[in-house]
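**Student:** I am attaching a structure below and will ask some questions about it afterwards.
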Amino acid sequence: MTNFPKIPNFDMEGLKTFFTVAQCKSFSEAAERLHKTPATISYRIKALEDQIGTKLFSRSTRTVELLPAGEHLLEFAKQIYGILQEIPKSLQQLSLGTEPEFRLVINNLLCDDVAIARLLSELDRRFPYTHFNVERSVYMGVWDKMLSKRADFAIGVPSWHPISHDFETSPIGQIDWVFVCAPEHPLMQKKVEPLPNDELLNYVAINVEDTSVMLHKRVGWLLQGQREIVVPTMMVKLHCHLEGVGVGFLPRTLAQPYLNTGRLVERKVKVPRSPSPMGIAWPRNANGQINQFLRDAFNQRSSIVTPFIRG
């Protein structure tokens, strides 16, 4: 049998009395608020101080001031009473089928800082006692999080079909790719299109590494024998293209503003990259309210999830 350390009893009634006196800065006012006599209040504070082994208040005929130990205890008391006030509401939310913790994974191709913040704002408003966690994953790393039960809902799983019978999916669109390079890149001197692979092989490819651990990693675009630079995010990849570091494919929605201004140039290639289907995924046995809310939002194309829908 495990021997747990003995924890001394703490007088919760005394703590309540202390908290009230600290708020009122008066024994008599605290007595009125708690419907007790000043003598009872004084006795409970003295008993609490004896239990702790130090004075909590500096008393005079007119004022009651917190001593350093009292200031320290007050911070703990605020946390304790805050938790006690939230427990009934949290339990009520749980009884209604709301998940106490919810982990969301989003494909890096669909990551939008503003969209994520607005989605979290809506989720927090509807489910104020749930602990939310959002993570970004690349390619098969999204499925990896779901398979390892490190996520409860995925936005942007590759393909429209579940990777396992343990999950359900729903399509949300597709990523269309465009081959780009900077206007000063040497590839711009090649005037004949479409460009064959053996012509592209001479230039470095910029890729974001698949974050999968359990599943086989995918590579966005890399020709056999081609030099590669691996970067941490799609935005770093974009800026590498803008700087003329390499060539490759970008999501059209990401590249289009730079194509419009001429900071990037689209080139036709002999072997274009096929569109990438995207879906949402959730465990087949998931029946929580947050999971259902997200599924409904995507199925109904709610404005709160519109930025994540592509194609």
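By order of appearance in the structure tokens: chains A, B, ..., then residues from 1 within every chain, and ligands from 1 in the order shown.
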Quick one: residues within 9 Å of Leu238 (chain A), only C-alpha atoms counted, chain neighbours fewer than 6 positions away excluded, as a PyMOL selection string?
**Tutor:** chain A and resi 206+250+254-255
**Student:** Counting only C-alpha atoms, what is within 9 Å of region 33-35 of chain A, bar same-chain residues fewer than 4 positions away, as a JSON list (two decimals) with N, CA and C atoms, in the first residue's frame?
**Tutor:**
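selection29.json, freshly written:
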[["chain", "number", "residue", "atom", "x", "y", "z"],
["A", 17, "THR", "N", -12.90, 33.15, 7.35],
["A", 17, "THR", "CA", -12.90, 34.32, 8.23],
["A", 17, "THR", "C", -11.73, 35.24, 7.89],
["A", 20, "THR", "N", -12.39, 37.18, 4.69],
["A", 20, "THR", "CA", -13.37, 38.26, 4.87],
["A", 20, "THR", "C", -12.76, 39.45, 5.60],
["A", 28, "SER", "N", -14.95, 44.05, 12.98],
["A", 28, "SER", "CA", -16.38, 44.28, 13.21],
["A", 28, "SER", "C", -17.18, 44.18, 11.92],
["A", 29, "GLU", "N", -16.64, 44.73, 10.82],
["A", 29, "GLU", "CA", -17.35, 44.65, 9.54],
["A", 29, "GLU", "C", -17.39, 43.21, 9.04],
["A", 41, "ILE", "N", -14.96, 36.22, 15.57],
["A", 41, "ILE", "CA", -14.03, 36.51, 14.48],
["A", 41, "ILE", "C", -12.61, 36.56, 15.01]]
**Student:** Write out as a PyMOL selection string all residues of region 19-213 of chain A that backbone DSSP assigns to strand (DSSP E).
**Tutor:** chain A and resi 57-59+64-66+101-107+131-137+153-158+167-175+177-181+205-208
**Student:** Name the closest residue to Val64 (chain A) among the candidates A:Leu109, A:Ile304, A:Met12, A:Ala22; distances are taken between atoms, counting only C-alpha atoms.
**Tutor:**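 Looking only at the distances to Val64 (chain A), the closest residue turns out to be A:Ala22.
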**Student:** Looking at only C-alpha atoms, which of A:Pro158, A:Gly288, A:Gly220, A:Pro194 is the one that sits closest to Ile172 (chain A)?
**Tutor:** A:Pro158
**Student:** Give the answer as one residue: which of A:Ser121, A:Thr306, A:Gln189, A:Asn291 has the shortest atom-to-atom distance to Glu168 (chain A), using only C-alpha atoms?
**Tutor:**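 Residue with the minimum atom-to-atom distance to Glu168 (chain A): A:Asn291.
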**Student:** Excluding Lys145 (chain A) and its own-chain neighbours fewer than 6 positions away, which residues fall within 12 Å of it when counting only C-alpha atoms? Please give them as an mmCIF file with N, CA and C atoms, in the first residue's frame.
**Tutor:**
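And here is the file that came out, result.cif:
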data_model
loop_
_atom_site.group_PDB
_atom_site.id
_atom_site.type_symbol
_atom_site.label_atom_id
_atom_site.label_comp_id
_atom_site.auth_asym_id
_atom_site.auth_seq_id
_atom_site.Cartn_x
_atom_site.Cartn_y
_atom_site.Cartn_z
ATOM 1 N N ARG A 103 -8.387 18.921 -27.278
ATOM 2 C CA ARG A 103 -7.140 19.141 -28.007
ATOM 3 C C ARG A 103 -7.431 19.164 -29.507
ATOM 4 N N LEU A 104 -7.065 20.269 -30.120
ATOM 5 C CA LEU A 104 -7.337 20.497 -31.540
ATOM 6 C C LEU A 104 -6.021 20.537 -32.301
ATOM 7 N N VAL A 105 -5.937 19.772 -33.396
ATOM 8 C CA VAL A 105 -4.748 19.820 -34.240
ATOM 9 C C VAL A 105 -5.145 20.374 -35.605
ATOM 10 N N ILE A 106 -4.317 21.274 -36.143
ATOM 11 C CA ILE A 106 -4.619 21.943 -37.406
ATOM 12 C C ILE A 106 -3.455 21.750 -38.363
ATOM 13 N N ASN A 107 -3.761 21.379 -39.588
ATOM 14 C CA ASN A 107 -2.751 21.242 -40.632
ATOM 15 C C ASN A 107 -2.084 22.590 -40.864
ATOM 16 N N VAL A 134 -4.323 23.876 -28.741
ATOM 17 C CA VAL A 134 -4.259 23.860 -30.207
ATOM 18 C C VAL A 134 -2.814 23.641 -30.640
ATOM 19 N N GLU A 135 -2.613 22.709 -31.560
ATOM 20 C CA GLU A 135 -1.280 22.447 -32.084
ATOM 21 C C GLU A 135 -1.300 22.428 -33.603
ATOM 22 N N ARG A 136 -0.138 22.746 -34.182
ATOM 23 C CA ARG A 136 0.036 22.725 -35.631
ATOM 24 C C ARG A 136 0.824 21.485 -36.003
ATOM 25 N N SER A 137 0.383 20.790 -37.048
ATOM 26 C CA SER A 137 1.122 19.626 -37.534
ATOM 27 C C SER A 137 1.226 19.694 -39.045
ATOM 28 N N VAL A 138 2.199 18.963 -39.590
ATOM 29 C CA VAL A 138 2.466 18.990 -41.032
ATOM 30 C C VAL A 138 2.174 17.622 -41.633
ATOM 31 N N TYR A 139 1.455 17.643 -42.772
ATOM 32 C CA TYR A 139 1.160 16.442 -43.554
ATOM 33 C C TYR A 139 0.610 15.317 -42.680
ATOM 34 N N ALA A 151 -4.865 14.200 -29.868
ATOM 35 C CA ALA A 151 -5.777 15.231 -30.358
ATOM 36 C C ALA A 151 -7.179 14.640 -30.402
ATOM 37 N N ASP A 152 -8.178 15.495 -30.174
ATOM 38 C CA ASP A 152 -9.576 15.069 -30.177
ATOM 39 C C ASP A 152 -10.298 15.438 -31.465
ATOM 40 N N PHE A 153 -9.728 16.350 -32.223
ATOM 41 C CA PHE A 153 -10.369 16.810 -33.457
ATOM 42 C C PHE A 153 -9.283 17.366 -34.357
ATOM 43 N N ALA A 154 -9.374 17.052 -35.646
ATOM 44 C CA ALA A 154 -8.353 17.510 -36.597
ATOM 45 C C ALA A 154 -8.990 18.345 -37.699
ATOM 46 N N ILE A 155 -8.350 19.461 -37.987
ATOM 47 C CA ILE A 155 -8.746 20.301 -39.118
ATOM 48 C C ILE A 155 -7.635 20.206 -40.163
ATOM 49 N N VAL A 157 -6.942 17.003 -42.168
ATOM 50 C CA VAL A 157 -6.271 15.722 -42.393
ATOM 51 C C VAL A 157 -6.085 15.532 -43.897
ATOM 52 N N THR A 211 5.642 16.276 -39.730
ATOM 53 C CA THR A 211 5.855 16.130 -38.283
ATOM 54 C C THR A 211 5.434 14.763 -37.755
ATOM 55 N N SER A 212 5.070 13.844 -38.646
ATOM 56 C CA SER A 212 4.647 12.523 -38.190
ATOM 57 C C SER A 212 5.780 11.783 -37.491
ATOM 58 N N VAL A 213 5.407 11.024 -36.453
ATOM 59 C CA VAL A 213 6.358 10.178 -35.731
ATOM 60 C C VAL A 213 6.067 8.707 -36.008
ATOM 61 N N MET A 214 4.775 8.338 -35.979
ATOM 62 C CA MET A 214 4.384 6.943 -36.144
ATOM 63 C C MET A 214 4.227 6.546 -37.612
ATOM 64 N N LEU A 215 3.791 7.489 -38.434
ATOM 65 C CA LEU A 215 3.467 7.192 -39.824
ATOM 66 C C LEU A 215 4.612 7.595 -40.747
ATOM 67 N N ALA A 281 -11.461 15.416 -39.104
ATOM 68 C CA ALA A 281 -11.505 14.046 -38.587
ATOM 69 C C ALA A 281 -11.744 14.069 -37.090
ATOM 70 N N TRP A 282 -12.439 13.042 -36.607
ATOM 71 C CA TRP A 282 -12.728 12.916 -35.179
ATOM 72 C C TRP A 282 -12.886 11.433 -34.844
ATOM 73 N N PRO A 283 -12.684 11.031 -33.601
ATOM 74 C CA PRO A 283 -12.852 9.636 -33.217
ATOM 75 C C PRO A 283 -14.299 9.191 -33.429
#
**Student:** Within 9 Å of region 110-112 of chain A, counting only C-alpha atoms, which residues show up once you throw out same-chain ones fewer than 6 positions away? Write them as a ChimeraX atom specification, please.
**Tutor:** /A:136,155-156,307-310
**Student:** Those same residues - N, CA, C and O atoms - I'd like them written as a compact mmCIF listing (two decimals), in the first residue's frame.
**Tutor:**
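Saved to again-v2.txt:
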# COMPACT_ATOMS: atom_id res chain seq x y z
N ARG A 136 -0.14 22.75 -34.18
CA ARG A 136 0.04 22.73 -35.63
C ARG A 136 0.82 21.48 -36.00
O ARG A 136 1.80 21.14 -35.35
N ILE A 155 -8.35 19.46 -37.99
CA ILE A 155 -8.75 20.30 -39.12
C ILE A 155 -7.63 20.21 -40.16
O ILE A 155 -6.52 20.67 -39.94
N GLY A 156 -7.94 19.55 -41.28
CA GLY A 156 -6.97 19.45 -42.36
C GLY A 156 -6.23 18.14 -42.42
O GLY A 156 -5.03 18.13 -42.71
N PRO A 307 -12.49 30.44 -42.74
CA PRO A 307 -11.08 30.60 -43.14
C PRO A 307 -10.32 29.30 -43.27
O PRO A 307 -9.28 29.26 -43.95
N PHE A 308 -10.80 28.22 -42.65
CA PHE A 308 -10.11 26.95 -42.74
C PHE A 308 -10.53 26.13 -43.96
O PHE A 308 -9.94 25.10 -44.26
N ILE A 309 -11.58 26.57 -44.63
CA ILE A 309 -12.11 25.82 -45.76
C ILE A 309 -11.45 26.33 -47.04
O ILE A 309 -11.50 27.51 -47.34
N ARG A 310 -10.86 25.43 -47.81
CA ARG A 310 -10.15 25.81 -49.03
C ARG A 310 -10.74 25.08 -50.22
O ARG A 310 -11.33 24.01 -50.10
**Student:** Which of these residues is nearest to Asn108 (chain A), using only C-alpha atoms: A:Asp210, A:Asp296, A:Glu75, A:Glu266?
**Tutor:**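 When distances to Asn108 (chain A) are compared using only C-alpha atoms, the smallest one comes from A:Asp210.
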**Student:** Contacts of Thr40 (chain A) at 10 Å or less, counting only C-alpha atoms, minus same-chain residues fewer than 5 places along, as a list in words?
**Tutor:**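 Surrounding residues, per the criterion: Thr17, Phe27, Ala31, Ile45 and Lys46 of chain A.
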**Student:** Go ahead and write the residues just picked, C-alpha atoms, as a PDB file, in the first residue's frame.
**Tutor:**
ATOM      1  CA  THR A  17     -12.902  34.319   8.232  1.00  0.00           C
ATOM      2  CA  PHE A  27     -13.014  42.681  12.451  1.00  0.00           C
ATOM      3  CA  ALA A  31     -18.429  39.973  11.837  1.00  0.00           C
ATOM      4  CA  ILE A  45      -8.195  34.460  13.416  1.00  0.00           C
ATOM      5  CA  LYS A  46      -6.149  33.716  16.570  1.00  0.00           C
TER       6      LYS A  46
END
**Student:** Which residues come within 12 Å of Arg126 (chain A), counting only C-alpha atoms, excluding same-chain residues fewer than 4 positions away, as a list in words?
**Tutor:** Gln93, Thr98, Glu99, Leu119, Leu120, Ser121, Glu122, Thr130, Gln289, Ile290, Phe293 and Leu294 of chain A
**Student:** Hey, what's within 9 Å of Pro232 (chain A) if we count only C-alpha atoms and toss same-chain stuff fewer than 3 positions away? As a PyMOL selection string, please?
**Tutor:** chain A and resi 207-209+235-237
**Student:** Pull C-alpha atoms from the residues just selected and write them as an mmCIF file, in the first residue's frame.
**Tutor:**
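Output file again-v8.cif is given in full below:
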data_model
loop_
_atom_site.group_PDB
_atom_site.id
_atom_site.type_symbol
_atom_site.label_atom_id
_atom_site.label_comp_id
_atom_site.auth_asym_id
_atom_site.auth_seq_id
_atom_site.Cartn_x
_atom_site.Cartn_y
_atom_site.Cartn_z
ATOM 1 C CA ASN A 207 10.074 21.944 -48.022
ATOM 2 C CA VAL A 208 8.342 21.888 -44.658
ATOM 3 C CA GLU A 209 9.140 18.636 -42.868
ATOM 4 C CA MET A 235 5.536 31.034 -43.899
ATOM 5 C CA VAL A 236 9.289 30.429 -43.784
ATOM 6 C CA LYS A 237 8.966 28.495 -47.050
#
